[in-house]
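Here's model_2.cif, which has mmCIF, C-alpha atoms:
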```cif
data_final
#
loop_
_atom_site.group_PDB
_atom_site.id
_atom_site.type_symbol
_atom_site.label_atom_id
_atom_site.label_comp_id
_atom_site.auth_asym_id
_atom_site.auth_seq_id
_atom_site.Cartn_x
_atom_site.Cartn_y
_atom_site.Cartn_z
ATOM 1 C CA GLU A 138 -192.850 -33.477 22.765
ATOM 2 C CA GLY A 139 -193.505 -29.745 22.491
ATOM 3 C CA ARG A 140 -195.233 -29.375 25.870
ATOM 4 C CA LYS A 141 -194.580 -29.710 29.590
ATOM 5 C CA LEU A 142 -194.658 -33.366 30.615
ATOM 6 C CA SER A 143 -195.422 -35.170 33.849
ATOM 7 C CA ALA A 144 -192.858 -37.619 35.234
ATOM 8 C CA SER A 145 -194.849 -40.589 33.903
ATOM 9 C CA GLU A 146 -195.049 -38.988 30.449
ATOM 10 C CA VAL A 147 -191.295 -38.441 30.439
ATOM 11 C CA SER A 148 -190.867 -42.117 31.313
ATOM 12 C CA SER A 149 -193.239 -43.156 28.526
ATOM 13 C CA HIS A 150 -191.339 -40.958 26.068
ATOM 14 C CA TYR A 151 -188.075 -42.774 26.722
ATOM 15 C CA VAL A 152 -189.712 -46.207 26.894
ATOM 16 C CA GLY A 153 -191.076 -45.491 23.414
ATOM 17 C CA LYS A 154 -187.616 -44.524 22.185
ATOM 18 C CA ALA A 155 -186.154 -47.712 23.662
ATOM 19 C CA TRP A 156 -188.729 -49.963 22.000
ATOM 20 C CA ASP A 157 -188.276 -48.131 18.688
ATOM 21 C CA HIS A 158 -184.555 -48.810 18.856
ATOM 22 C CA ILE A 159 -185.066 -52.478 19.785
ATOM 23 C CA SER A 160 -187.594 -53.060 16.983
ATOM 24 C CA ASN A 161 -185.654 -51.110 14.338
ATOM 25 C CA SER A 162 -182.192 -52.417 15.267
ATOM 26 C CA PRO A 163 -182.705 -55.790 16.976
ATOM 27 C CA GLY A 164 -179.153 -56.955 16.243
ATOM 28 C CA GLN A 165 -177.595 -53.881 17.783
ATOM 29 C CA ALA A 166 -179.964 -54.074 20.756
ATOM 30 C CA LEU A 167 -179.105 -57.738 21.390
ATOM 31 C CA GLN A 168 -175.395 -56.925 21.162
ATOM 32 C CA HIS A 169 -175.879 -54.149 23.709
ATOM 33 C CA PHE A 170 -177.852 -56.387 26.093
ATOM 34 C CA TRP A 171 -175.162 -59.061 25.782
ATOM 35 C CA TRP A 172 -172.527 -56.455 26.692
ATOM 36 C CA LYS A 173 -174.513 -55.417 29.761
ATOM 37 C CA PHE A 174 -174.972 -59.081 30.747
ATOM 38 C CA ARG A 175 -171.212 -59.513 30.345
ATOM 39 C CA ILE A 176 -170.314 -56.588 32.591
ATOM 40 C CA PHE A 177 -172.980 -57.573 35.147
ATOM 41 C CA TRP A 178 -171.039 -60.780 35.771
ATOM 42 C CA THR A 179 -167.519 -59.389 35.516
ATOM 43 C CA ASN A 180 -165.090 -59.293 38.442
ATOM 44 C CA TRP A 181 -164.980 -55.508 38.637
ATOM 45 C CA GLU A 182 -166.995 -53.101 40.746
ATOM 46 C CA LEU A 183 -168.559 -50.843 38.125
ATOM 47 C CA SER A 184 -169.043 -47.437 39.650
ATOM 48 C CA ASN A 185 -171.515 -44.769 38.671
ATOM 49 C CA ASN A 186 -170.183 -41.360 39.695
ATOM 50 C CA GLN A 187 -167.815 -42.601 42.435
ATOM 51 C CA PRO A 188 -164.884 -44.987 41.730
ATOM 52 C CA ILE A 189 -165.774 -47.195 44.690
ATOM 53 C CA TYR A 190 -163.203 -49.905 43.895
ATOM 54 C CA PHE A 191 -160.329 -47.423 44.319
ATOM 55 C CA PHE A 192 -161.698 -45.758 47.448
ATOM 56 C CA ALA A 193 -162.529 -49.082 49.105
ATOM 57 C CA HIS A 194 -158.991 -50.386 48.614
ATOM 58 C CA GLU A 195 -157.254 -47.067 49.278
ATOM 59 C CA PHE A 196 -159.153 -46.027 52.415
ATOM 60 C CA GLY A 197 -160.595 -49.319 53.676
ATOM 61 C CA PRO A 198 -157.584 -51.553 54.442
ATOM 62 C CA ILE A 199 -159.821 -54.393 55.653
ATOM 63 C CA VAL A 200 -160.812 -55.004 52.029
ATOM 64 C CA GLN A 201 -157.279 -56.256 51.380
ATOM 65 C CA PHE A 202 -157.828 -59.111 53.842
ATOM 66 C CA LEU A 203 -161.195 -60.394 52.620
ATOM 67 C CA PRO A 204 -160.517 -63.985 51.507
ATOM 68 C CA LEU A 205 -163.158 -64.227 48.774
ATOM 69 C CA GLY A 206 -164.263 -61.827 46.102
ATOM 70 C CA PHE A 207 -166.763 -61.850 43.276
ATOM 71 C CA TRP A 208 -164.237 -63.912 41.268
ATOM 72 C CA ALA A 209 -164.968 -66.900 43.578
ATOM 73 C CA ILE A 210 -168.507 -66.213 44.796
ATOM 74 C CA ALA A 211 -170.068 -65.833 41.324
ATOM 75 C CA PRO A 212 -168.782 -69.091 39.710
ATOM 76 C CA LEU A 213 -169.612 -71.134 42.815
ATOM 77 C CA GLY A 214 -173.025 -69.454 43.027
ATOM 78 C CA ILE A 215 -173.770 -70.209 39.366
ATOM 79 C CA LEU A 216 -172.815 -73.861 39.906
ATOM 80 C CA GLY A 217 -175.027 -74.008 43.006
ATOM 81 C CA ILE A 218 -177.967 -72.600 41.033
ATOM 82 C CA LEU A 219 -177.485 -75.268 38.344
ATOM 83 C CA PHE A 220 -177.487 -77.985 41.029
ATOM 84 C CA CYS A 221 -180.754 -76.622 42.443
ATOM 85 C CA LEU A 222 -182.375 -76.355 39.010
ATOM 86 C CA ARG A 223 -181.674 -80.046 38.381
ATOM 87 C CA ARG A 224 -183.713 -81.204 41.374
ATOM 88 C CA LYS A 225 -186.886 -79.642 42.737
ATOM 89 C CA PRO A 226 -186.313 -76.138 41.353
ATOM 90 C CA SER A 227 -189.650 -74.927 42.713
ATOM 91 C CA GLU A 228 -188.419 -75.300 46.309
ATOM 92 C CA THR A 229 -185.465 -72.962 45.743
ATOM 93 C CA PHE A 230 -187.268 -70.577 43.379
ATOM 94 C CA PRO A 231 -187.348 -67.693 45.916
ATOM 95 C CA LEU A 232 -183.533 -67.713 45.794
ATOM 96 C CA TRP A 233 -182.633 -68.415 42.155
ATOM 97 C CA GLY A 234 -185.712 -66.474 41.001
ATOM 98 C CA PHE A 235 -184.471 -63.436 42.914
ATOM 99 C CA VAL A 236 -181.055 -63.655 41.210
ATOM 100 C CA LEU A 237 -182.678 -64.027 37.781
ATOM 101 C CA ILE A 238 -185.136 -61.146 38.240
ATOM 102 C CA GLN A 239 -182.592 -58.810 39.831
ATOM 103 C CA MET A 240 -180.123 -59.535 37.037
ATOM 104 C CA SER A 241 -182.743 -59.102 34.283
ATOM 105 C CA THR A 242 -183.975 -55.736 35.520
ATOM 106 C CA ILE A 243 -180.428 -54.404 35.898
ATOM 107 C CA VAL A 244 -179.297 -55.665 32.476
ATOM 108 C CA ALA A 245 -182.439 -54.193 30.920
ATOM 109 C CA PHE A 246 -181.681 -50.722 32.270
ATOM 110 C CA PHE A 247 -178.372 -49.805 33.869
ATOM 111 C CA VAL A 248 -175.533 -51.997 35.168
ATOM 112 C CA CYS A 249 -173.875 -50.680 38.306
ATOM 113 C CA SER A 250 -172.206 -52.383 41.269
ATOM 114 C CA ARG A 251 -174.546 -51.035 43.901
ATOM 115 C CA PHE A 252 -177.477 -52.595 42.034
ATOM 116 C CA ARG A 253 -175.638 -55.931 41.814
ATOM 117 C CA VAL A 254 -174.773 -56.102 45.520
ATOM 118 C CA PRO A 255 -178.141 -57.624 46.628
ATOM 119 C CA ILE A 256 -177.509 -60.855 44.693
ATOM 120 C CA ILE A 257 -174.136 -61.504 46.359
ATOM 121 C CA PRO A 258 -175.494 -62.921 49.668
ATOM 122 C CA VAL A 259 -177.785 -65.205 47.675
ATOM 123 C CA LEU A 260 -174.881 -66.333 45.474
ATOM 124 C CA MET A 261 -172.958 -67.100 48.671
ATOM 125 C CA VAL A 262 -175.768 -69.427 49.795
ATOM 126 C CA PHE A 263 -175.701 -71.199 46.428
ATOM 127 C CA GLY A 264 -171.899 -71.271 46.530
ATOM 128 C CA ALA A 265 -171.935 -73.012 49.914
ATOM 129 C CA HIS A 266 -174.436 -75.515 48.504
ATOM 130 C CA ALA A 267 -172.124 -76.130 45.522
ATOM 131 C CA ILE A 268 -169.158 -76.824 47.838
ATOM 132 C CA PHE A 269 -171.143 -79.398 49.865
ATOM 133 C CA GLU A 270 -172.344 -81.059 46.637
ATOM 134 C CA ILE A 271 -168.770 -81.288 45.329
ATOM 135 C CA LEU A 272 -167.594 -82.829 48.623
ATOM 136 C CA ALA A 273 -170.437 -85.367 48.467
ATOM 137 C CA MET A 274 -169.485 -86.290 44.873
ATOM 138 C CA ALA A 275 -165.871 -86.760 45.930
ATOM 139 C CA ARG A 276 -166.889 -89.083 48.793
ATOM 140 C CA GLN A 277 -169.103 -91.057 46.392
ATOM 141 C CA ARG A 278 -166.359 -91.038 43.737
ATOM 142 C CA SER A 279 -168.821 -89.734 41.189
ATOM 143 C CA TRP A 280 -166.085 -88.741 38.728
ATOM 144 C CA THR A 281 -168.398 -87.914 35.819
ATOM 145 C CA ARG A 282 -170.412 -85.425 37.856
ATOM 146 C CA LEU A 283 -167.229 -84.046 39.383
ATOM 147 C CA SER A 284 -165.761 -83.491 35.913
ATOM 148 C CA TRP A 285 -168.949 -81.752 34.782
ATOM 149 C CA SER A 286 -168.887 -79.546 37.878
ATOM 150 C CA ALA A 287 -165.203 -78.704 37.430
ATOM 151 C CA ALA A 288 -165.747 -77.775 33.780
ATOM 152 C CA THR A 289 -168.678 -75.539 34.765
ATOM 153 C CA LEU A 290 -166.574 -73.830 37.428
ATOM 154 C CA VAL A 291 -163.708 -73.243 34.982
ATOM 155 C CA ILE A 292 -165.983 -71.781 32.292
ATOM 156 C CA ALA A 293 -167.878 -69.600 34.771
ATOM 157 C CA GLY A 294 -164.623 -68.591 36.446
ATOM 158 C CA LEU A 295 -163.068 -67.470 33.158
ATOM 159 C CA PHE A 296 -166.244 -65.611 32.176
ATOM 160 C CA VAL A 297 -166.238 -63.722 35.474
ATOM 161 C CA SER A 298 -162.486 -63.193 35.894
ATOM 162 C CA LEU A 299 -161.605 -61.953 32.401
ATOM 163 C CA VAL A 300 -162.547 -58.278 32.715
ATOM 164 C CA PRO A 301 -163.206 -56.781 29.253
ATOM 165 C CA ASP A 302 -160.608 -54.290 28.026
ATOM 166 C CA ALA A 303 -163.317 -51.685 27.411
ATOM 167 C CA ILE A 304 -163.939 -51.349 31.156
ATOM 168 C CA ASP A 305 -162.008 -48.440 32.610
ATOM 169 C CA GLN A 306 -159.838 -49.900 35.388
ATOM 170 C CA SER A 307 -157.545 -46.894 35.617
ATOM 171 C CA GLU A 308 -157.220 -44.712 38.711
ATOM 172 C CA GLY A 309 -157.637 -41.533 36.683
ATOM 173 C CA SER A 310 -161.215 -40.877 37.761
ATOM 174 C CA ALA A 311 -160.367 -41.404 41.439
ATOM 175 C CA MET A 312 -157.321 -39.134 41.276
ATOM 176 C CA ARG A 313 -159.453 -36.492 39.577
ATOM 177 C CA GLN A 314 -162.048 -36.649 42.359
ATOM 178 C CA LEU A 315 -159.333 -36.248 44.999
ATOM 179 C CA GLY A 316 -158.082 -33.263 43.010
ATOM 180 C CA ILE A 317 -161.558 -31.717 42.922
ATOM 181 C CA VAL A 318 -161.871 -32.067 46.711
ATOM 182 C CA ALA A 319 -158.458 -30.437 47.189
ATOM 183 C CA GLN A 320 -159.401 -27.647 44.785
ATOM 184 C CA GLU A 321 -162.661 -26.975 46.679
ATOM 185 C CA LYS A 322 -160.559 -26.636 49.843
ATOM 186 C CA GLN A 323 -158.331 -24.169 47.945
ATOM 187 C CA GLN A 324 -155.405 -26.580 48.232
ATOM 188 C CA TYR A 325 -154.380 -25.806 44.692
ATOM 189 C CA LYS A 326 -150.893 -27.336 44.684
ATOM 190 C CA LYS A 327 -152.303 -30.576 46.068
ATOM 191 C CA ALA A 328 -155.020 -30.528 43.393
ATOM 192 C CA LEU A 329 -152.409 -30.050 40.656
ATOM 193 C CA ASN A 330 -150.473 -33.055 41.949
ATOM 194 C CA TYR A 331 -153.569 -35.272 41.854
ATOM 195 C CA TYR A 332 -154.496 -34.173 38.317
ATOM 196 C CA ARG A 333 -150.947 -34.690 37.047
ATOM 197 C CA GLU A 334 -150.696 -38.072 38.743
ATOM 198 C CA ALA A 335 -153.920 -39.092 37.007
ATOM 199 C CA LEU A 336 -152.498 -38.071 33.625
ATOM 200 C CA GLU A 337 -149.453 -40.271 34.213
ATOM 201 C CA HIS A 338 -151.592 -43.420 33.993
ATOM 202 C CA ASP A 339 -151.343 -44.866 30.473
ATOM 203 C CA ASP A 340 -154.794 -46.460 30.551
ATOM 204 C CA VAL A 341 -156.788 -43.286 31.301
ATOM 205 C CA PRO A 342 -159.572 -42.922 28.680
ATOM 206 C CA THR A 343 -159.298 -40.032 26.219
ATOM 207 C CA ARG A 344 -162.417 -38.299 27.574
ATOM 208 C CA MET A 345 -160.855 -38.317 31.056
ATOM 209 C CA VAL A 346 -157.592 -36.897 29.705
ATOM 210 C CA ALA A 347 -159.525 -33.927 28.288
ATOM 211 C CA LEU A 348 -161.286 -33.404 31.630
ATOM 212 C CA LEU A 349 -158.002 -33.492 33.523
ATOM 213 C CA HIS A 350 -156.425 -30.884 31.237
ATOM 214 C CA LYS A 351 -159.513 -28.727 31.783
ATOM 215 C CA ASP A 352 -159.223 -29.154 35.555
ATOM 216 C CA LEU A 353 -155.533 -28.259 35.441
ATOM 217 C CA GLY A 354 -156.401 -25.141 33.452
ATOM 218 C CA VAL A 355 -159.076 -24.054 35.945
ATOM 219 C CA THR A 356 -156.768 -24.639 38.938
ATOM 220 C CA LEU A 357 -153.836 -22.827 37.338
ATOM 221 C CA THR A 358 -156.146 -19.909 36.534
ATOM 222 C CA LYS A 359 -157.077 -19.673 40.224
ATOM 223 C CA MET A 360 -153.344 -19.601 40.986
ATOM 224 C CA ASN A 361 -152.939 -16.783 38.433
ATOM 225 C CA ARG A 362 -150.554 -18.883 36.340
ATOM 226 C CA LEU A 363 -152.294 -17.785 33.172
ATOM 227 C CA ALA A 364 -149.881 -18.951 30.465
ATOM 228 C CA ALA A 365 -149.791 -22.494 31.899
ATOM 229 C CA ALA A 366 -153.567 -22.430 32.375
ATOM 230 C CA GLU A 367 -154.105 -21.418 28.752
ATOM 231 C CA ARG A 368 -151.877 -24.278 27.563
ATOM 232 C CA GLU A 369 -153.852 -26.814 29.587
ATOM 233 C CA LEU A 370 -157.224 -25.545 28.357
ATOM 234 C CA GLN A 371 -156.004 -25.570 24.757
ATOM 235 C CA ALA A 372 -154.777 -29.151 25.309
ATOM 236 C CA ALA A 373 -158.281 -30.122 26.447
ATOM 237 C CA LEU A 374 -159.807 -28.458 23.373
ATOM 238 C CA LYS A 375 -157.324 -30.176 21.077
ATOM 239 C CA ILE A 376 -158.692 -33.512 22.308
ATOM 240 C CA THR A 377 -162.350 -32.403 22.465
ATOM 241 C CA PRO A 378 -162.896 -29.230 20.390
ATOM 242 C CA ASP A 379 -166.477 -28.753 21.614
ATOM 243 C CA HIS A 380 -165.661 -29.265 25.323
ATOM 244 C CA ALA A 381 -168.119 -26.774 26.840
ATOM 245 C CA GLU A 382 -166.466 -26.483 30.259
ATOM 246 C CA ALA A 383 -163.006 -25.946 28.759
ATOM 247 C CA LEU A 384 -164.357 -23.267 26.420
ATOM 248 C CA SER A 385 -166.130 -21.595 29.336
ATOM 249 C CA ALA A 386 -162.966 -21.703 31.457
ATOM 250 C CA LEU A 387 -160.914 -20.240 28.603
ATOM 251 C CA THR A 388 -163.456 -17.425 28.178
ATOM 252 C CA THR A 389 -163.214 -16.659 31.898
ATOM 253 C CA LEU A 390 -159.410 -16.712 31.736
ATOM 254 C CA TYR A 391 -159.317 -14.153 28.896
ATOM 255 C CA LEU A 392 -162.105 -11.988 30.303
ATOM 256 C CA ASP A 393 -161.535 -11.853 34.060
ATOM 257 C CA HIS A 394 -157.824 -12.561 34.399
ATOM 258 C CA ALA A 395 -155.923 -11.721 31.207
ATOM 259 C CA ARG A 396 -158.143 -8.704 30.469
ATOM 260 C CA LYS A 397 -158.528 -9.665 26.804
ATOM 261 C CA PRO A 398 -162.286 -9.196 26.214
ATOM 262 C CA LYS A 399 -162.064 -9.491 22.408
ATOM 263 C CA GLN A 400 -160.310 -12.856 22.615
ATOM 264 C CA ALA A 401 -162.828 -13.902 25.277
ATOM 265 C CA LEU A 402 -165.659 -12.926 22.941
ATOM 266 C CA GLN A 403 -164.283 -15.064 20.107
ATOM 267 C CA VAL A 404 -164.073 -18.087 22.381
ATOM 268 C CA ALA A 405 -167.578 -17.452 23.767
ATOM 269 C CA LEU A 406 -169.011 -17.181 20.240
ATOM 270 C CA THR A 407 -167.282 -20.438 19.301
ATOM 271 C CA MET A 408 -168.709 -22.052 22.446
ATOM 272 C CA THR A 409 -172.305 -21.017 21.736
ATOM 273 C CA GLN A 410 -171.985 -22.222 18.137
ATOM 274 C CA ARG A 411 -170.560 -25.610 19.094
ATOM 275 C CA GLN A 412 -172.713 -26.056 22.213
ATOM 276 C CA PRO A 413 -175.993 -24.186 21.568
ATOM 277 C CA ALA A 414 -177.752 -25.975 24.460
ATOM 278 C CA PHE A 415 -175.096 -25.035 27.047
ATOM 279 C CA GLY A 416 -176.746 -22.257 29.052
ATOM 280 C CA PRO A 417 -173.629 -21.086 30.941
ATOM 281 C CA GLY A 418 -172.021 -20.426 27.560
ATOM 282 C CA PHE A 419 -174.531 -17.662 26.870
ATOM 283 C CA TYR A 420 -173.850 -16.253 30.335
ATOM 284 C CA ASN A 421 -170.158 -16.053 29.381
ATOM 285 C CA LEU A 422 -171.130 -14.484 26.065
ATOM 286 C CA GLY A 423 -173.279 -11.899 27.824
ATOM 287 C CA GLN A 424 -170.399 -11.043 30.146
ATOM 288 C CA CYS A 425 -168.126 -10.466 27.150
ATOM 289 C CA TYR A 426 -170.664 -8.164 25.463
ATOM 290 C CA THR A 427 -171.167 -6.292 28.767
ATOM 291 C CA THR A 428 -167.429 -5.687 29.128
ATOM 292 C CA LEU A 429 -167.315 -4.427 25.540
ATOM 293 C CA HIS A 430 -170.327 -2.133 26.223
ATOM 294 C CA GLN A 431 -172.528 -3.921 23.654
ATOM 295 C CA VAL A 432 -175.560 -3.863 25.929
ATOM 296 C CA ASP A 433 -178.260 -5.039 23.505
ATOM 297 C CA LYS A 434 -176.242 -8.095 22.518
ATOM 298 C CA ALA A 435 -175.487 -8.795 26.183
ATOM 299 C CA ILE A 436 -179.198 -8.735 27.082
ATOM 300 C CA ALA A 437 -180.012 -11.051 24.159
ATOM 301 C CA ALA A 438 -177.317 -13.512 25.276
ATOM 302 C CA PHE A 439 -178.493 -13.508 28.910
ATOM 303 C CA GLU A 440 -182.111 -14.038 27.816
ATOM 304 C CA THR A 441 -181.099 -16.966 25.618
ATOM 305 C CA GLY A 442 -179.223 -18.472 28.560
ATOM 306 C CA LEU A 443 -182.263 -18.040 30.806
ATOM 307 C CA GLN A 444 -184.511 -19.745 28.238
ATOM 308 C CA ILE A 445 -182.116 -22.710 28.109
#
```

Could I get this structure in the form of structure tokens?
Amino acid sequence: EGRKLSASEVSSHYVGKAWDHISNSPGQALQHFWWKFRIFWTNWELSNNQPIYFFAHEFGPIVQFLPLGFWAIAPLGILGILFCLRRKPSETFPLWGFVLIQMSTIVAFFVCSRFRVPIIPVLMVFGAHAIFEILAMARQRSWTRLSWSAATLVIAGLFVSLVPDAIDQSEGSAMRQLGIVAQEKQQYKKALNYYREALEHDDVPTRMVALLHKDLGVTLTKMNRLAAAERELQAALKITPDHAEALSALTTLYLDHARKPKQALQVALTMTQRQPAFGPGFYNLGQCYTTLHQVDKAIAAFETGLQI
């Protein structure tokens, strides 16, 4: 916007961008909203920055013994909502209205498991209602309604249970986080094992593979295994040539450990060209110029980094 903005003005800026996108590309926007609706109802705990599904099952053994999951609660809850909507929907509006509004606001913005959690108790209430309705139909031998209910359960069950292939269900992210914790504790060998174990999973996304090679390179550098570290960082850059953190780590390796300031400078220059908004890159560049006694260029690089 060309000026300092308040929080509300920042919000308005992005709201404007969102509406521009929706009005200019309605088909793409609808496709995107459908995708978010799809993953809202899928039987997978979508994490944000913590792979909660892995940690819950790995470190919370009680989870293994819970009899029902989202795969059962959601289809039964949907069926229960449909039963309530057929007769006197206004009486149960506080419940089904909550599910609808909570779902709509999440799908409109950002789908994440911790935002979905509040609807689960309500779906359990509707699910219990659906079970009692089905039992009543069976006692009354209302086969038509039972068939309709069974078909609804099957369709809803398939919709919920079939997790889309695009959702990352690998353990790569979790293994990486365990590696980061070990690295922060200076347990470098343990960190290496976690990173390498993560890379062994075939379904790890490409972006995560690049991150893991970068992490291996950083850890190996700390262990002073420079040749192996360089190979890992180059592997990360082969996947993602403009990977800012890998370029920064490679600059540090050449400058502070291998004592090759000219090679470090070439990498730093490449980094600032490919990632001109990455402030730490100009810090690395300034360090290179300082080591090479090019003081004016060093000052210019540090000032650019400060401005960013």

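With distances restricted to only C-alpha atoms, A:Ala303 is the closest residue to Arg175 (chain A) from A:Ala303, A:Leu315, A:Leu357, A:Ala381.
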
Inset, instruction - Can you give me, as a list in words, the residues this file yields under the PyMOL selection byres ((chain A and resi 243-258) around 6)? - result: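 Selection result, ordered by chain and number: Lys173, Phe174, Glu182, Leu183, Ser184, Val236, Met240, Ser241, Thr242, Val259, Leu260 and Met261 of chain A.
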
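In this comparison, which uses all atoms listed in the file, the residue of A:Glu138, A:Glu321, A:Glu228, A:Asp379 approaching Lys359 (chain A) most closely is A:Glu321.
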
Inset, instruction - Determine the nearest neighbour of Thr441 (chain A) from the options A:Ala166, A:Leu422, A:Ala209, A:Leu429, counting all atoms listed in the file. - result: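 Under the stated criterion, the closest residue is A:Leu422.
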
Legend entry - Proximity to Gly264 (chain A) - best of A:Leu384, A:Leu290, A:Leu299, A:Leu406, all atoms listed in the file: A:Leu290

Just need the box for region 407-415 of chain A, edges along x, y and z, holding every atom the file lists for it with 4 Å tacked onto each side, so centre and edge lengths in Å to one decimal, as JSON.
```
{"center_x": -172.5, "center_y": -23.2, "center_z": 22.6, "size_x": 18.5, "size_y": 13.6, "size_z": 16.9}
```

Inset, instruction - Name the residues captured by the PyMOL selection byres ((chain A and resi 317) around 10) when it is applied to the shown file; answer as a count of residues only. - result: 21

Inset, instruction - Give the answer as one residue: which of A:Ile271, A:Pro378, A:Leu237, A:Thr179 has the shortest atom-to-atom distance to Gly294 (chain A), using only C-alpha atoms? - result: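 Ranking A:Ile271, A:Pro378, A:Leu237, A:Thr179 by distance to Gly294 (chain A), first place goes to A:Thr179.
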
Legend entry - For Gln444 (chain A), the nearest of the candidates A:Gly416, A:Thr407, A:Thr428, A:Ile292, counting all atoms listed in the file: A:Gly416

Inset, instruction - Go ahead and compute the interatomic distance for CA of Lys326 (chain A) and CA of Ala366 (chain A), in Å to one decimal. - result: 13.5 Å
